[in-house]
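Printed here is data_25.cif (mmCIF, C-alpha atoms and all ligand atoms):
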data_structure
#
loop_
_atom_site.label_atom_id
_atom_site.label_comp_id
_atom_site.auth_asym_id
_atom_site.auth_seq_id
_atom_site.Cartn_x
_atom_site.Cartn_y
_atom_site.Cartn_z
CA MET V 1 12.50 8.63 -24.54
CA THR V 2 15.84 10.37 -24.02
CA PRO V 3 17.97 10.24 -27.18
CA ASN V 4 21.63 9.30 -26.81
CA HIS V 5 24.60 9.58 -29.07
CA ASN V 6 28.10 8.26 -28.78
CA ASP V 7 30.97 10.49 -27.94
CA HIS V 8 33.60 8.93 -30.22
CA THR V 9 36.47 10.70 -28.45
CA ASN V 10 36.20 8.60 -25.28
CA GLY V 11 33.46 6.07 -26.07
CA THR V 12 31.03 7.19 -23.32
CA GLN V 13 27.31 7.76 -23.82
CA ILE V 14 26.38 11.45 -23.62
CA PRO V 15 22.69 12.11 -23.09
CA ILE V 16 21.37 14.91 -25.30
CA GLY V 17 18.60 15.93 -22.86
CA ILE V 18 19.08 17.55 -19.45
CA ARG V 19 21.16 15.30 -17.17
CA PRO V 20 19.04 14.12 -14.21
CA ALA V 21 20.32 14.53 -10.67
CA GLY V 22 22.64 11.69 -9.64
CA ALA V 23 20.19 10.21 -7.14
CA VAL V 24 17.46 10.17 -9.80
CA ALA V 25 19.71 8.71 -12.50
CA ARG V 26 20.48 5.73 -10.22
CA ILE V 27 16.82 4.90 -9.42
CA THR V 28 15.11 1.77 -10.67
CA PRO V 29 11.60 3.08 -11.44
CA TYR V 30 8.56 1.73 -9.59
CA GLY V 31 7.54 -1.45 -11.39
CA GLY V 32 3.79 -1.00 -11.79
CA SER V 33 2.28 -3.56 -14.16
CA ALA V 34 1.13 -2.60 -17.66
CA GLN V 35 -2.19 -0.78 -17.78
CA THR V 36 -3.46 -3.03 -20.58
CA PRO V 37 -6.97 -3.35 -19.08
CA ILE V 38 -7.77 0.36 -19.21
CA HIS V 39 -6.98 0.55 -22.93
CA LEU V 40 -9.20 -2.37 -23.91
CA PRO V 41 -12.57 -1.90 -25.58
CA HIS V 42 -15.61 -3.24 -23.70
CA ARG V 43 -14.34 -2.14 -20.30
CA GLU V 44 -17.50 -3.53 -18.75
CA ARG V 45 -16.18 -7.06 -19.45
CA VAL V 46 -12.77 -6.40 -17.89
CA ALA V 47 -12.06 -7.66 -14.36
CA LYS V 48 -9.28 -5.34 -13.23
CA LEU V 49 -7.80 -7.13 -10.23
CA ASP V 50 -4.17 -6.07 -10.59
CA TRP V 51 -3.81 -2.71 -8.77
CA ASN V 52 -5.94 -3.22 -5.64
CA GLU V 53 -8.50 -0.67 -6.75
CA CYS V 54 -12.03 -0.84 -5.37
CA ALA V 55 -14.27 -3.49 -6.87
CA ARG V 56 -17.26 -1.15 -6.83
CA PRO V 57 -17.73 2.26 -8.46
CA PRO V 58 -17.99 5.31 -6.22
CA ALA V 59 -21.26 5.57 -4.26
CA PRO V 60 -24.25 7.06 -6.14
CA SER V 61 -24.23 9.92 -3.60
CA VAL V 62 -20.62 10.65 -4.60
CA LEU V 63 -21.51 10.67 -8.29
CA ARG V 64 -24.36 13.10 -7.56
CA ALA V 65 -22.01 15.41 -5.62
CA LEU V 66 -19.54 15.30 -8.51
CA GLY V 67 -22.32 16.13 -11.01
CA ALA V 68 -23.38 19.14 -8.95
CA CYS V 69 -19.76 20.25 -8.66
CA VAL V 70 -19.26 20.04 -12.43
CA THR V 71 -22.21 22.36 -13.03
CA GLU V 72 -22.00 24.70 -10.03
CA GLY V 73 -18.57 24.13 -8.52
CA HIS V 74 -16.59 27.00 -10.05
CA LEU V 75 -14.10 24.70 -11.72
CA ASN V 76 -12.50 27.80 -13.22
CA TRP V 77 -11.31 28.64 -9.67
CA TYR V 78 -8.37 26.93 -7.98
CA PRO V 79 -9.27 24.36 -5.33
CA ASP V 80 -9.33 25.17 -1.61
CA VAL V 81 -5.64 24.66 -0.80
CA GLU V 82 -6.53 24.00 2.84
CA ALA V 83 -9.23 21.44 1.83
CA THR V 84 -11.23 22.84 4.76
CA GLU V 85 -14.48 20.96 4.21
CA LEU V 86 -12.75 17.66 3.56
CA ARG V 87 -10.47 18.05 6.58
CA ASN V 88 -13.50 18.73 8.79
CA ALA V 89 -15.20 15.60 7.42
CA LEU V 90 -11.98 13.65 7.98
CA SER V 91 -11.84 14.95 11.52
CA ASP V 92 -15.29 13.43 12.18
CA TYR V 93 -14.27 10.20 10.47
CA THR V 94 -10.90 9.74 12.19
CA GLY V 95 -11.58 11.41 15.54
CA CYS V 96 -8.45 13.54 14.98
CA ASP V 97 -8.30 17.33 15.06
CA PRO V 98 -8.37 19.03 11.60
CA GLU V 99 -5.04 20.66 12.54
CA THR V 100 -3.48 17.18 12.52
CA ILE V 101 -4.73 16.32 9.01
CA ARG V 102 -3.35 17.24 5.57
CA VAL V 103 -4.83 16.27 2.21
CA PHE V 104 -2.81 15.24 -0.85
CA GLY V 105 -3.32 14.01 -4.41
CA GLY V 106 -3.32 10.37 -3.23
CA ALA V 107 -1.42 8.48 -0.54
CA ASP V 108 1.48 8.38 -3.00
CA ALA V 109 1.73 12.17 -3.01
CA ALA V 110 1.66 12.18 0.81
CA LEU V 111 4.54 9.66 0.82
CA GLU V 112 6.49 11.77 -1.65
CA TYR V 113 6.12 14.91 0.50
CA ILE V 114 7.10 12.99 3.62
CA ALA V 115 10.30 11.77 1.95
CA ARG V 116 11.15 15.22 0.61
CA THR V 117 10.47 16.90 3.95
CA PHE V 118 12.27 14.54 6.31
CA LEU V 119 15.07 12.84 4.35
CA GLU V 120 18.46 13.93 3.13
CA THR V 121 21.51 12.31 1.58
CA GLY V 122 22.93 9.52 3.72
CA ASP V 123 19.75 8.91 5.75
CA GLN V 124 18.41 5.40 6.02
CA VAL V 125 14.84 4.18 5.91
CA LEU V 126 14.01 0.83 7.47
CA TRP V 127 11.30 -1.14 5.68
CA CYS V 128 9.86 -4.64 5.42
CA PRO V 129 10.06 -5.99 1.86
CA PRO V 130 8.17 -7.42 0.10
CA THR V 131 6.06 -4.30 0.51
CA TYR V 132 4.62 -1.35 -1.45
CA ASP V 133 7.55 -0.23 -3.54
CA ASN V 134 6.65 3.34 -4.49
CA PHE V 135 8.04 4.87 -1.29
CA ARG V 136 11.47 3.46 -2.25
CA VAL V 137 11.52 5.72 -5.31
CA TYR V 138 10.84 8.86 -3.24
CA VAL V 139 13.39 7.83 -0.61
CA GLU V 140 16.11 7.18 -3.17
CA SER V 141 15.38 10.40 -5.05
CA CYS V 142 16.30 12.25 -1.83
CA GLY V 143 19.70 10.52 -1.76
CA ALA V 144 18.61 8.31 1.16
CA SER V 145 18.70 4.51 1.13
CA LEU V 146 16.48 1.65 2.26
CA GLN V 147 17.45 -1.07 4.70
CA PRO V 148 15.38 -4.23 4.93
CA ALA V 149 14.40 -5.15 8.49
CA PRO V 150 15.94 -8.45 9.61
CA LEU V 151 12.61 -10.30 9.69
CA ARG V 152 12.42 -14.08 10.03
CA SER V 153 8.94 -14.29 8.52
CA ILE V 154 7.22 -12.12 5.94
CA TRP V 155 3.79 -13.19 7.24
CA GLU V 156 3.94 -12.42 10.95
CA PRO V 157 4.46 -9.07 12.68
CA GLU V 158 7.90 -9.03 14.30
CA PRO V 159 8.30 -5.78 16.27
CA GLY V 160 11.45 -7.05 17.97
CA ALA V 161 13.16 -7.85 14.67
CA LEU V 162 12.06 -4.49 13.29
CA LEU V 163 13.67 -2.72 16.25
CA ALA V 164 16.82 -4.75 15.82
CA GLY V 165 17.12 -3.20 12.35
CA VAL V 166 17.14 0.39 13.67
CA THR V 167 20.63 1.94 13.53
CA PRO V 168 21.87 5.47 14.36
CA GLN V 169 21.41 6.30 10.64
CA THR V 170 17.73 5.25 10.64
CA ARG V 171 15.70 8.37 10.10
CA LEU V 172 12.36 6.78 9.17
CA VAL V 173 10.66 3.40 9.41
CA TYR V 174 8.11 2.67 6.66
CA LEU V 175 5.48 0.21 7.79
CA VAL V 176 2.56 -0.67 5.53
CA ASN V 177 -0.22 -1.89 7.83
CA PRO V 178 -1.76 -4.17 6.63
CA ASN V 179 1.11 -4.82 4.30
CA ASN V 180 0.76 -4.98 0.54
CA PRO V 181 1.20 -7.73 -0.68
CA THR V 182 1.56 -10.05 2.35
CA GLY V 183 -1.30 -8.74 4.51
CA THR V 184 0.88 -8.77 7.64
CA LEU V 185 -0.81 -6.66 10.30
CA TYR V 186 0.80 -5.13 13.38
CA SER V 187 -1.50 -4.42 16.32
CA THR V 188 -1.92 -0.90 17.69
CA GLU V 189 -0.12 -2.02 20.85
CA GLN V 190 2.85 -3.34 18.88
CA ILE V 191 3.23 -0.07 16.99
CA ALA V 192 2.80 1.94 20.21
CA ALA V 193 5.67 -0.05 21.71
CA LEU V 194 7.84 0.76 18.68
CA LEU V 195 7.02 4.47 18.88
CA TRP V 196 7.74 4.56 22.57
CA THR V 197 11.01 2.68 22.19
CA CYS V 198 12.42 4.83 19.36
CA PRO V 199 11.22 8.40 19.96
CA ASP V 200 13.99 9.80 17.75
CA VAL V 201 12.98 7.73 14.69
CA GLY V 202 10.04 8.75 12.48
CA PHE V 203 7.44 6.04 11.79
CA VAL V 204 5.46 6.32 8.57
CA VAL V 205 2.54 3.94 8.95
CA ASP V 206 0.76 3.45 5.62
CA GLU V 207 -2.87 2.60 6.37
CA SER V 208 -4.12 2.67 2.78
CA TYR V 209 -6.17 -0.48 3.49
CA PHE V 210 -7.43 0.65 6.93
CA GLU V 211 -11.12 0.42 6.05
CA PHE V 212 -10.73 -3.34 5.45
CA SER V 213 -8.53 -4.10 8.48
CA GLY V 214 -10.21 -1.82 11.01
CA ILE V 215 -6.87 -1.40 12.82
CA SER V 216 -5.38 2.09 13.06
CA VAL V 217 -2.78 4.01 15.01
CA ALA V 218 -4.24 7.41 14.07
CA ALA V 219 -5.19 8.02 17.72
CA LEU V 220 -1.51 7.78 18.70
CA THR V 221 -0.41 10.73 16.59
CA LEU V 222 -0.81 13.41 19.26
CA ALA V 223 1.02 11.50 21.98
CA HIS V 224 3.75 10.39 19.56
CA PRO V 225 5.19 13.21 17.45
CA ASN V 226 7.38 10.60 15.71
CA LEU V 227 4.35 9.09 13.91
CA ILE V 228 2.81 9.94 10.54
CA VAL V 229 -0.23 7.94 9.39
CA VAL V 230 -0.93 7.87 5.65
CA ARG V 231 -4.30 6.91 4.16
CA SER V 232 -5.94 6.66 0.73
CA PHE V 233 -9.33 7.17 -0.88
CA ALA V 234 -8.31 4.83 -3.73
CA LYS V 235 -9.18 1.58 -1.98
CA ALA V 236 -12.40 1.14 0.01
CA PHE V 237 -13.82 4.49 -1.15
CA GLY V 238 -13.35 3.72 -4.86
CA LEU V 239 -11.81 7.06 -5.83
CA ALA V 240 -8.52 5.84 -7.36
CA GLY V 241 -9.07 7.82 -10.56
CA LEU V 242 -9.57 11.11 -8.71
CA ARG V 243 -6.32 10.98 -6.69
CA VAL V 244 -6.93 11.85 -3.08
CA GLY V 245 -5.31 10.73 0.16
CA TYR V 246 -4.29 12.26 3.49
CA CYS V 247 -1.94 12.04 6.38
CA ILE V 248 -2.44 12.47 10.12
CA SER V 249 0.40 13.64 12.33
CA HIS V 250 1.51 16.08 14.99
CA PRO V 251 0.99 19.70 13.79
CA ASP V 252 4.75 20.36 14.01
CA ASN V 253 5.40 17.68 11.36
CA LEU V 254 2.62 19.05 9.16
CA GLU V 255 4.03 22.55 9.44
CA ALA V 256 7.32 21.18 8.10
CA ILE V 257 5.54 19.44 5.19
CA ASP V 258 3.54 22.63 4.50
CA ARG V 259 6.80 24.41 3.65
CA ILE V 260 6.90 22.49 0.36
CA ARG V 261 3.34 21.18 -0.06
CA VAL V 262 1.41 22.35 -3.13
CA GLY V 263 -2.20 22.54 -1.93
CA LYS V 264 -3.53 22.98 -5.46
CA ASN V 265 -2.65 19.34 -6.20
CA THR V 266 -5.87 18.02 -4.69
CA SER V 267 -8.49 19.07 -7.22
CA THR V 268 -11.87 20.54 -6.36
CA LEU V 269 -13.57 17.43 -7.76
CA ALA V 270 -11.41 15.14 -5.66
CA GLN V 271 -12.17 17.12 -2.50
CA VAL V 272 -15.91 17.11 -3.20
CA ALA V 273 -15.96 13.38 -3.97
CA ALA V 274 -13.96 12.45 -0.87
CA THR V 275 -16.17 14.58 1.37
CA ALA V 276 -19.31 12.95 -0.07
CA ALA V 277 -17.77 9.46 0.25
CA LEU V 278 -17.12 10.01 3.95
CA ALA V 279 -20.77 10.94 4.42
CA ASP V 280 -21.99 7.63 2.96
CA ARG V 281 -20.95 5.10 5.61
CA ALA V 282 -23.60 2.59 4.51
CA TYR V 283 -21.99 2.30 1.08
CA LEU V 284 -18.54 1.95 2.64
CA ASP V 285 -19.77 -0.79 4.98
CA ALA V 286 -21.35 -2.64 2.04
CA THR V 287 -18.07 -2.45 0.09
CA VAL V 288 -16.11 -3.89 3.01
CA ALA V 289 -18.70 -6.63 3.60
CA GLU V 290 -18.73 -7.67 -0.07
CA THR V 291 -14.93 -7.74 -0.13
CA ARG V 292 -14.77 -10.01 2.94
CA LEU V 293 -17.38 -12.37 1.52
CA SER V 294 -15.60 -12.55 -1.85
CA MET V 295 -12.28 -13.19 -0.09
CA LYS V 296 -13.86 -16.11 1.80
CA THR V 297 -15.35 -17.57 -1.39
CA LEU V 298 -12.03 -17.34 -3.21
CA ALA V 299 -10.06 -18.86 -0.33
CA GLU V 300 -12.52 -21.74 -0.02
CA THR V 301 -12.40 -22.44 -3.75
CA CYS V 302 -8.61 -22.47 -3.78
CA GLU V 303 -8.47 -24.73 -0.73
CA GLN V 304 -10.95 -27.13 -2.32
CA ILE V 305 -8.73 -27.50 -5.37
CA GLY V 306 -5.60 -27.83 -3.27
CA LEU V 307 -3.93 -24.44 -3.75
CA THR V 308 -2.03 -22.49 -1.12
CA THR V 309 -3.64 -19.13 -0.38
CA ARG V 310 -2.97 -16.23 1.94
CA THR V 311 -6.03 -14.18 2.71
CA THR V 312 -5.34 -10.68 4.01
CA PRO V 313 -7.08 -8.06 6.16
CA ALA V 314 -7.06 -5.84 3.02
CA ASN V 315 -8.76 -6.20 -0.40
CA PHE V 316 -6.40 -8.72 -2.00
CA ILE V 317 -5.51 -12.39 -1.67
CA LEU V 318 -2.33 -14.26 -2.58
CA VAL V 319 -2.59 -17.60 -4.36
CA ARG V 320 0.34 -19.89 -5.12
CA VAL V 321 0.41 -21.73 -8.43
CA ALA V 322 3.02 -23.82 -10.21
CA ASP V 323 3.31 -21.63 -13.31
CA PRO V 324 2.33 -18.04 -12.46
CA ASP V 325 3.34 -16.58 -15.86
CA SER V 326 1.10 -18.95 -17.82
CA PHE V 327 -1.70 -18.68 -15.28
CA CYS V 328 -1.72 -14.85 -15.48
CA ARG V 329 -1.80 -15.09 -19.30
CA PHE V 330 -4.63 -17.63 -19.09
CA LEU V 331 -6.64 -15.22 -16.92
CA ALA V 332 -5.82 -12.22 -19.15
CA ASN V 333 -7.23 -14.13 -22.13
CA ARG V 334 -10.47 -14.24 -20.12
CA LEU V 335 -10.14 -10.49 -19.49
CA ILE V 336 -9.21 -11.07 -15.84
CA PHE V 337 -6.07 -9.12 -14.88
CA VAL V 338 -4.15 -10.04 -11.73
CA ARG V 339 -0.64 -9.22 -10.47
CA ASN V 340 2.18 -11.72 -10.76
CA ARG V 341 4.31 -11.45 -7.58
CA ASN V 342 6.42 -14.49 -8.44
CA HIS V 343 9.60 -12.46 -8.95
CA LEU V 344 9.52 -10.92 -5.47
CA GLU V 345 11.83 -12.36 -2.86
CA ARG V 346 10.09 -14.95 -0.68
CA LEU V 347 6.94 -14.85 -2.85
CA SER V 348 7.89 -17.44 -5.42
CA GLY V 349 4.82 -18.84 -7.19
CA PHE V 350 2.40 -16.26 -5.78
CA VAL V 351 -0.06 -14.14 -7.73
CA ARG V 352 -1.86 -11.28 -6.01
CA ILE V 353 -5.53 -10.95 -6.82
CA THR V 354 -7.54 -7.88 -5.85
CA VAL V 355 -10.75 -9.16 -4.35
CA GLY V 356 -13.61 -7.93 -6.46
CA ASN V 357 -17.37 -7.89 -6.20
CA THR V 358 -19.52 -11.02 -6.11
CA GLN V 359 -19.89 -11.16 -9.91
CA THR V 360 -16.15 -10.89 -10.53
CA THR V 361 -15.48 -13.49 -7.87
CA GLU V 362 -17.77 -15.93 -9.67
CA ARG V 363 -15.80 -15.40 -12.90
CA LEU V 364 -12.58 -15.98 -11.06
CA VAL V 365 -13.83 -19.14 -9.40
CA ALA V 366 -14.89 -20.48 -12.82
CA ALA V 367 -11.45 -19.59 -14.22
CA PHE V 368 -9.65 -21.42 -11.38
CA ARG V 369 -11.75 -24.50 -12.04
CA ALA V 370 -11.09 -24.32 -15.79
CA ALA V 371 -7.33 -23.63 -15.59
CA PRO V 372 -5.08 -26.39 -16.95
CA SER V 373 -3.74 -28.53 -14.16
CA SER V 374 -0.14 -27.97 -15.34
CA MET V 375 -0.47 -24.24 -14.57
CA LEU V 376 -1.83 -24.79 -11.09
CA TYR V 377 0.07 -27.88 -9.99
CA GLY V 378 2.98 -28.35 -12.40
CA GLN V 379 3.63 -31.81 -13.79
CA LYS V 380 1.80 -33.58 -10.96
CA THR V 381 -1.25 -35.65 -11.78
CA ALA V 382 -4.63 -34.79 -10.28
CA GLY V 383 -4.09 -37.44 -7.57
CA GLN V 384 -0.88 -35.70 -6.50
CA ARG V 385 -2.40 -32.24 -6.40
CA LEU V 386 -1.75 -31.73 -2.72
CA ILE V 387 1.97 -31.58 -3.36
CA LEU V 388 1.85 -27.89 -2.40
CA PRO V 389 1.23 -27.27 1.30
CA ARG V 390 -2.39 -26.31 1.83
CA ARG V 391 -2.66 -23.17 3.80
CA SER V 392 -5.15 -20.42 4.14
CA GLU V 393 -4.42 -18.01 6.89
CA HIS V 394 -5.70 -14.70 7.96
CA PRO V 395 -2.78 -12.96 9.63
CA VAL V 396 -4.15 -11.77 12.91
CA ALA V 397 -2.15 -9.30 14.92
CA PRO V 398 -1.52 -10.75 18.35
CA SER V 399 -2.70 -8.40 21.06
CA THR V 400 0.35 -7.42 23.08
CA SER V 401 -0.54 -4.72 25.52
CA ARG V 402 2.86 -5.02 27.20
CA ILE V 403 6.41 -5.00 25.94
CA THR V 404 7.39 -8.61 25.17
CA PRO V 405 10.77 -10.24 25.93
CA GLU V 406 11.47 -9.82 22.22
CA HIS V 407 11.04 -6.07 22.58
CA LEU V 408 13.27 -5.96 25.62
CA HIS V 409 15.99 -7.84 23.82
CA ALA V 410 15.84 -5.37 20.94
CA ILE V 411 15.77 -2.39 23.28
CA GLU V 412 18.83 -3.71 25.12
CA HIS V 413 20.56 -4.34 21.82
CA ARG V 414 19.85 -0.80 20.72
CA ALA V 415 20.94 0.74 24.01
CA ALA V 416 24.18 -1.24 23.88
CA HIS V 417 24.71 0.04 20.36
CA LYS V 418 24.35 3.59 21.59
CA GLY V 419 26.39 2.94 24.73
CA GLU V 420 23.38 3.66 26.97
CA ALA V 421 22.14 1.69 29.96
CA VAL V 422 18.61 0.34 29.97
CA ALA V 423 16.73 1.61 33.01
C1 LIG V 501 0.34 0.46 0.58
C2 LIG V 501 -0.09 1.43 -0.46
N1 LIG V 501 0.12 2.74 -0.26
C3 LIG V 501 -0.26 3.64 -1.17
C4 LIG V 501 -0.87 3.26 -2.35
C5 LIG V 501 -1.28 4.31 -3.34
O1 LIG V 501 -2.43 4.99 -2.88
P1 LIG V 501 -2.99 6.22 -3.71
O2 LIG V 501 -3.68 5.67 -4.91
O3 LIG V 501 -3.93 6.91 -2.76
O4 LIG V 501 -1.83 7.07 -4.08
C6 LIG V 501 -1.09 1.90 -2.61
C7 LIG V 501 -1.69 1.46 -3.88
O5 LIG V 501 -1.70 0.33 -4.24
C8 LIG V 501 -0.68 0.97 -1.64
O6 LIG V 501 -0.85 -0.34 -1.82
#

When written as structure tokens, how does the structure in this file appear?
Amino acid sequence: MTPNHNDHTNGTQIPIGIRPAGAVARITPYGGSAQTPIHLPHRERVAKLDWNECARPPAPSVLRALGACVTEGHLNWYPDVEATELRNALSDYTGCDPETIRVFGGADAALEYIARTFLETGDQVLWCPPTYDNFRVYVESCGASLQPAPLRSIWEPEPGALLAGVTPQTRLVYLVNPNNPTGTLYSTEQIAALLWTCPDVGFVVDESYFEFSGISVAALTLAHPNLIVVRSFAKAFGLAGLRVGYCISHPDNLEAIDRIRVGKNTSTLAQVAATAALADRAYLDATVAETRLSMKTLAETCEQIGLTTRTTPANFILVRVADPDSFCRFLANRLIFVRNRNHLERLSGFVRITVGNTQTTERLVAAFRAAPSSMLYGQKTAGQRLILPRRSEHPVAPSTSRITPEHLHAIEHRAAHKGEAVA
């Protein structure tokens, strides 16, 4: 903690430590929830459903590769700063050339490098809150600012509204696809239309949950130099603790990032584990299948007891309750940790629950059934339970292979803004 003392001559607070840069001093830090669960004894009894980590441990084949690396992996040497083996494995996995792939210490680190490489003071980044908030911190630390897209709905993709938010100051658009926490999913065609319409704006598409959604724009990176795809090994691959992620983009963009990238940040163990994880597709498929089944079970349970839910094409579900604070405490007392999203704009009453494995889901179902009615439904009696609208929807990206009238309207709007004619 930075100590302060009062300057009695003019009454202002003078920090004793080194004064942070102005942009940093003004930042509201990323609001990750407390890491209570990882400090508890008897970790095996803890259901950690608050940070969207993987419900299953890394594959046995990954643990074996890590064991071999610990004994024979020359951990006294620095890691391969080019991550050659991992990039080759990623090339097979993504279908993209190794020259279009860079590895980082997590998707977060990729996002940080992207912000530092492409943003400067006065730039604007268009985004779609409520969304993953960490990128905001990197953007603001560069002296740039975030503009919310003028979206009518937080649940449906709205490419036209997104375009309408682009101004001459917009340098980047940050699109989490599928979005955390709403699950909103843009189709490949919708993103292609955006890239085509705004070739001078950079699109950072965060596909950290790609393995669950199956929708990706990675194949568009070569044709669209204004696209950077970011991915993570922390979700479906279960390697959150090792910190490894990657981005896919046109080599020119990667060359710019390479000017400041520290290759040593992705450890040897992380590279070995990620390479082994990519080789075990059967384990990955089983993780995705178990997640989908657990999501279905949870949604059905909540619907049966009259709660509003939003399933997502990722590994989390949103459930709306009358008293989210008390409900989260009730679950924590049962060693089940979820994320209260009640304070976020347009998410009043919602808690986000990472979808776990079958065993965890059973515990959660039992907890929902045992929760006091006042927490779930407020002061209503059991007979009035359906006071909240019942809804369980999987946001499906509509397939739009052509530019819609909405797009055209936004394109015209933008051209008018720039004083250009639309051909
Ligand atoms: C959308 C999104 N991007 C990035 C991350 C962080 O990924 P990593 O652990 O690989 O840094 C998360 C984690 O929750 C996320 O939800």

Ligand LIG 501 (chain V): which residues are within 10 Å, counting all atoms listed in the file, as a JSON list (two decimals) with C-alpha atoms, keeping the file's coordinate frame?
[["chain", "number", "residue", "atom", "x", "y", "z"],
["V", 32, "GLY", "CA", 3.79, -1.00, -11.79],
["V", 50, "ASP", "CA", -4.17, -6.07, -10.59],
["V", 51, "TRP", "CA", -3.81, -2.71, -8.77],
["V", 52, "ASN", "CA", -5.94, -3.22, -5.64],
["V", 53, "GLU", "CA", -8.50, -0.67, -6.75],
["V", 104, "PHE", "CA", -2.81, 15.24, -0.85],
["V", 105, "GLY", "CA", -3.32, 14.01, -4.41],
["V", 106, "GLY", "CA", -3.32, 10.37, -3.23],
["V", 107, "ALA", "CA", -1.42, 8.48, -0.54],
["V", 108, "ASP", "CA", 1.48, 8.38, -3.00],
["V", 109, "ALA", "CA", 1.73, 12.17, -3.01],
["V", 110, "ALA", "CA", 1.66, 12.18, 0.81],
["V", 111, "LEU", "CA", 4.54, 9.66, 0.82],
["V", 112, "GLU", "CA", 6.49, 11.77, -1.65],
["V", 131, "THR", "CA", 6.06, -4.30, 0.51],
["V", 132, "TYR", "CA", 4.62, -1.35, -1.45],
["V", 133, "ASP", "CA", 7.55, -0.23, -3.54],
["V", 134, "ASN", "CA", 6.65, 3.34, -4.49],
["V", 135, "PHE", "CA", 8.04, 4.87, -1.29],
["V", 175, "LEU", "CA", 5.48, 0.21, 7.79],
["V", 176, "VAL", "CA", 2.56, -0.67, 5.53],
["V", 177, "ASN", "CA", -0.22, -1.89, 7.83],
["V", 178, "PRO", "CA", -1.76, -4.17, 6.63],
["V", 179, "ASN", "CA", 1.11, -4.82, 4.30],
["V", 180, "ASN", "CA", 0.76, -4.98, 0.54],
["V", 181, "PRO", "CA", 1.20, -7.73, -0.68],
["V", 205, "VAL", "CA", 2.54, 3.94, 8.95],
["V", 206, "ASP", "CA", 0.76, 3.45, 5.62],
["V", 207, "GLU", "CA", -2.87, 2.60, 6.37],
["V", 208, "SER", "CA", -4.12, 2.67, 2.78],
["V", 209, "TYR", "CA", -6.17, -0.48, 3.49],
["V", 230, "VAL", "CA", -0.93, 7.87, 5.65],
["V", 231, "ARG", "CA", -4.30, 6.91, 4.16],
["V", 232, "SER", "CA", -5.94, 6.66, 0.73],
["V", 233, "PHE", "CA", -9.33, 7.17, -0.88],
["V", 234, "ALA", "CA", -8.31, 4.83, -3.73],
["V", 235, "LYS", "CA", -9.18, 1.58, -1.98],
["V", 238, "GLY", "CA", -13.35, 3.72, -4.86],
["V", 239, "LEU", "CA", -11.81, 7.06, -5.83],
["V", 240, "ALA", "CA", -8.52, 5.84, -7.36],
["V", 241, "GLY", "CA", -9.07, 7.82, -10.56],
["V", 242, "LEU", "CA", -9.57, 11.11, -8.71],
["V", 243, "ARG", "CA", -6.32, 10.98, -6.69],
["V", 244, "VAL", "CA", -6.93, 11.85, -3.08],
["V", 245, "GLY", "CA", -5.31, 10.73, 0.16],
["V", 246, "TYR", "CA", -4.29, 12.26, 3.49],
["V", 314, "ALA", "CA", -7.06, -5.84, 3.02],
["V", 315, "ASN", "CA", -8.76, -6.20, -0.40]]

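The spacing separating CA of Leu86 (chain V) from CA of Thr275 (chain V) amounts to 5.1 Å.
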
Exercise. Tell me which protein, DNA and RNA residues are within 10 Å of Gly22 (chain V), counting only C-alpha atoms, leaving out same-chain ones fewer than 3 positions away, and put them as a PyMOL selection string.
Key: chain V and resi 19+25-27+141+143

Quiz item: What is the distance, in Å and to one decimal place, between CA of Asp323 (chain V) and CA of Ala367 (chain V)?
Solution: 14.9 Å

Practice problem: Work out how far apart CA of Asp200 (chain V) and CA of Glu255 (chain V) are and give it in Å to one decimal. | Solution: 18.2 Å
